$ cat data.cif   # mmCIF, C-alpha atoms, pLDDT in the B column; chains and numbers go by the auth columns
data_coords
loop_
_atom_site.group_PDB
_atom_site.id
_atom_site.type_symbol
_atom_site.label_atom_id
_atom_site.label_comp_id
_atom_site.label_asym_id
_atom_site.label_seq_id
_atom_site.Cartn_x
_atom_site.Cartn_y
_atom_site.Cartn_z
_atom_site.B_iso_or_equiv
_atom_site.auth_seq_id
_atom_site.auth_asym_id
ATOM 1 C CA MET A 1 1.174 7.288 6.282 76.00 17 W
ATOM 2 C CA THR A 2 -2.251 8.756 5.750 81.00 18 W
ATOM 3 C CA LEU A 3 -4.504 8.873 2.728 84.00 19 W
ATOM 4 C CA SER A 4 -3.553 12.506 2.113 84.00 20 W
ATOM 5 C CA ASP A 5 0.130 11.493 1.747 83.00 21 W
ATOM 6 C CA ILE A 6 -0.603 9.203 -1.204 88.00 22 W
ATOM 7 C CA PRO A 7 0.143 10.511 -4.715 85.00 23 W
ATOM 8 C CA GLY A 8 -3.043 11.531 -6.544 85.00 24 W
ATOM 9 C CA GLY A 9 -2.944 8.752 -9.121 88.00 25 W
ATOM 10 C CA LEU A 10 -2.982 6.094 -6.417 94.00 26 W
ATOM 11 C CA GLN A 11 -5.495 7.544 -3.941 93.00 27 W
ATOM 12 C CA GLU A 12 -8.451 5.848 -5.611 95.00 28 W
ATOM 13 C CA TRP A 13 -7.087 2.432 -4.561 96.00 29 W
ATOM 14 C CA PHE A 14 -6.974 3.106 -0.824 96.00 30 W
ATOM 15 C CA GLU A 15 -9.101 4.208 2.099 96.00 31 W
ATOM 16 C CA GLN A 16 -8.590 4.904 5.757 95.00 32 W
ATOM 17 C CA THR A 17 -11.162 5.241 8.516 94.00 33 W
ATOM 18 C CA PRO A 18 -10.599 5.169 12.268 94.00 34 W
ATOM 19 C CA ASP A 19 -13.183 2.435 12.886 96.00 35 W
ATOM 20 C CA VAL A 20 -11.683 -0.156 10.500 96.00 36 W
ATOM 21 C CA LEU A 21 -8.340 -1.866 11.207 96.00 37 W
ATOM 22 C CA GLN A 22 -7.570 0.779 13.829 94.00 38 W
ATOM 23 C CA GLY A 23 -7.271 3.423 11.106 94.00 39 W
ATOM 24 C CA LYS A 24 -4.610 1.628 9.077 95.00 40 W
ATOM 25 C CA LEU A 25 -4.379 2.431 5.388 95.00 41 W
ATOM 26 C CA ARG A 26 -6.158 -0.347 3.470 96.00 42 W
ATOM 27 C CA ILE A 27 -7.207 -1.388 -0.004 97.00 43 W
ATOM 28 C CA ARG A 28 -10.513 0.280 -0.850 96.00 44 W
ATOM 29 C CA GLY A 29 -13.529 -1.951 -0.247 95.00 45 W
ATOM 30 C CA SER A 30 -11.606 -4.449 1.856 97.00 46 W
ATOM 31 C CA ARG A 31 -10.267 -5.035 5.325 96.00 47 W
ATOM 32 C CA ILE A 32 -6.799 -5.810 3.936 97.00 48 W
ATOM 33 C CA SER A 33 -4.169 -3.289 5.048 96.00 49 W
ATOM 34 C CA VAL A 34 -1.353 -2.013 2.887 95.00 50 W
ATOM 35 C CA GLU A 35 1.004 -3.198 5.602 94.00 51 W
ATOM 36 C CA GLN A 36 -0.400 -6.734 5.426 96.00 52 W
ATOM 37 C CA VAL A 37 0.033 -6.925 1.651 96.00 53 W
ATOM 38 C CA LEU A 38 3.596 -5.602 1.839 94.00 54 W
ATOM 39 C CA GLU A 39 4.497 -8.127 4.529 95.00 55 W
ATOM 40 C CA LEU A 40 3.177 -10.950 2.351 97.00 56 W
ATOM 41 C CA VAL A 41 5.065 -9.717 -0.721 94.00 57 W
ATOM 42 C CA GLU A 42 8.248 -9.326 1.321 93.00 58 W
ATOM 43 C CA SER A 43 7.921 -12.889 2.601 96.00 59 W
ATOM 44 C CA GLY A 44 7.772 -14.195 -0.970 96.00 60 W
ATOM 45 C CA VAL A 45 4.038 -14.673 -1.478 97.00 61 W
ATOM 46 C CA SER A 46 3.145 -13.943 -5.099 96.00 62 W
ATOM 47 C CA PRO A 47 0.453 -11.408 -5.998 96.00 63 W
ATOM 48 C CA SER A 48 -1.737 -14.174 -7.430 96.00 64 W
ATOM 49 C CA GLN A 49 -1.437 -16.152 -4.188 97.00 65 W
ATOM 50 C CA ILE A 50 -2.441 -13.055 -2.207 97.00 66 W
ATOM 51 C CA VAL A 51 -5.527 -12.595 -4.390 97.00 67 W
ATOM 52 C CA GLU A 52 -6.420 -16.275 -3.952 97.00 68 W
ATOM 53 C CA SER A 53 -6.210 -15.849 -0.175 96.00 69 W
ATOM 54 C CA PHE A 54 -8.165 -12.577 -0.126 96.00 70 W
ATOM 55 C CA PRO A 55 -10.913 -12.602 -2.775 92.00 71 W
ATOM 56 C CA THR A 56 -11.997 -9.040 -1.892 94.00 72 W
ATOM 57 C CA ILE A 57 -8.885 -7.694 -3.649 96.00 73 W
ATOM 58 C CA ASN A 58 -7.510 -8.129 -7.159 97.00 74 W
ATOM 59 C CA LEU A 59 -4.165 -8.013 -8.957 97.00 75 W
ATOM 60 C CA PRO A 60 -4.450 -4.315 -9.891 97.00 76 W
ATOM 61 C CA ALA A 61 -4.920 -3.527 -6.185 97.00 77 W
ATOM 62 C CA ILE A 62 -1.736 -5.448 -5.349 97.00 78 W
ATOM 63 C CA SER A 63 0.042 -3.505 -8.084 96.00 79 W
ATOM 64 C CA ALA A 64 -1.216 -0.250 -6.546 96.00 80 W
ATOM 65 C CA VAL A 65 0.239 -1.282 -3.170 95.00 81 W
ATOM 66 C CA GLU A 66 3.580 -2.049 -4.831 94.00 82 W
ATOM 67 C CA ARG A 67 3.537 1.320 -6.653 93.00 83 W
ATOM 68 C CA LEU A 68 2.749 3.085 -3.375 93.00 84 W
ATOM 69 C CA ALA A 69 5.692 1.367 -1.691 92.00 85 W
ATOM 70 C CA ALA A 70 7.977 2.338 -4.576 90.00 86 W
ATOM 71 C CA SER A 71 6.772 5.929 -4.375 87.00 87 W
ATOM 72 C CA CYS A 72 7.501 6.027 -0.642 84.00 88 W
ATOM 73 C CA GLY A 73 10.947 4.559 -1.208 81.00 89 W
ATOM 74 C CA LEU A 74 11.775 7.148 -3.857 71.00 90 W
ATOM 75 C CA ARG A 75 10.611 9.952 -1.569 71.00 91 W
ATOM 76 C CA MET A 76 12.834 8.662 1.220 70.00 92 W
ATOM 77 C CA LEU A 77 15.817 8.537 -1.146 69.00 93 W
ATOM 78 C CA TRP A 78 15.114 12.063 -2.388 61.00 94 W
ATOM 79 C CA PHE A 79 14.816 13.519 1.118 60.00 95 W
ATOM 80 C CA GLY A 80 17.939 11.643 2.206 62.00 96 W
ATOM 81 C CA ALA A 81 19.908 13.107 -0.696 56.00 97 W
ATOM 82 C CA ARG A 82 18.622 16.594 0.165 57.00 98 W
ATOM 83 C CA LEU A 83 19.737 16.217 3.769 59.00 99 W
ATOM 84 C CA ARG A 84 23.269 15.306 2.648 60.00 100 W
ATOM 85 C CA GLU A 85 23.599 18.407 0.443 58.00 101 W
#
$ encode --input "data.cif" --output "structure tokens"
Amino acid sequence: MTLSDIPGGLQEWFEQTPDVLQGKLRIRGSRISVEQVLELVESGVSPSQIVESFPTINLPAISAVERLAASCGLRMLWFGARLRE
């Protein structure tokens, strides 16, 4: 996923440059990738625990990552339904 794929209302939360984290999508102003946050959430780490571990991010940023993941999931469901039609 690239920054241009992100819905407009969420773009302000993220950035992506080739020289930081090998170009991975990350939370703006940090070196924390979206992938890293999602892996932590999936493993059961709470948003507040993530923020405690990474003081360069905040709870609204974690929420933005979760909303981005939900948006991607909905898009996949929509395209899957279209392919079955």
$ atom_distance --input "data.cif" --atom1 "atom CA of Cys88 of chain W" --atom2 "atom CA of Thr72 of chain W"
24.7 Å
$ closest_residue --input "data.cif" --among "W:Leu75, W:Ala80, W:Leu37, W:Ala85" --to "Ser62 of chain W" --atoms "all atoms listed in the file"
W:Leu75
$ closest_residue --input "data.cif" --among "W:Ala77, W:Pro63, W:Arg83, W:Leu90" --to "Gly45 of chain W" --atoms "all atoms listed in the file"
W:Ala77
$ residues_near_point --input "data.cif" --point "(-9.8, -6.1, 7.9)" --cutoff "12 Å" --atoms "only C-alpha atoms" --output "list in words"
Glu31, Gln32, Thr33, Asp35, Val36, Leu37, Gln38, Gly39, Lys40, Leu41, Arg42, Ile43, Arg44, Gly45, Ser46, Arg47, Ile48, Ser49, Val50, Glu51, Gln52, Val53, Phe70, Thr72 and Ile73 of chain W
$ atom_distance --input "data.cif" --atom1 "atom CA of Leu26 of chain W" --atom2 "atom CA of Ala86 of chain W"
11.7 Å
$ atom_distance --input "data.cif" --atom1 "atom CA of Thr18 of chain W" --atom2 "atom CA of Phe30 of chain W"
9.9 Å
$ axis_aligned_box --input "data.cif" --around "segment 58-71 of chain W" --padding-each-side "4 Å" --output "lines of an AutoDock Vina configuration file"
center_x = -1.3
center_y = -12.8
center_z = -2.4
size_x = 27.2
size_y = 14.9
size_z = 18.0
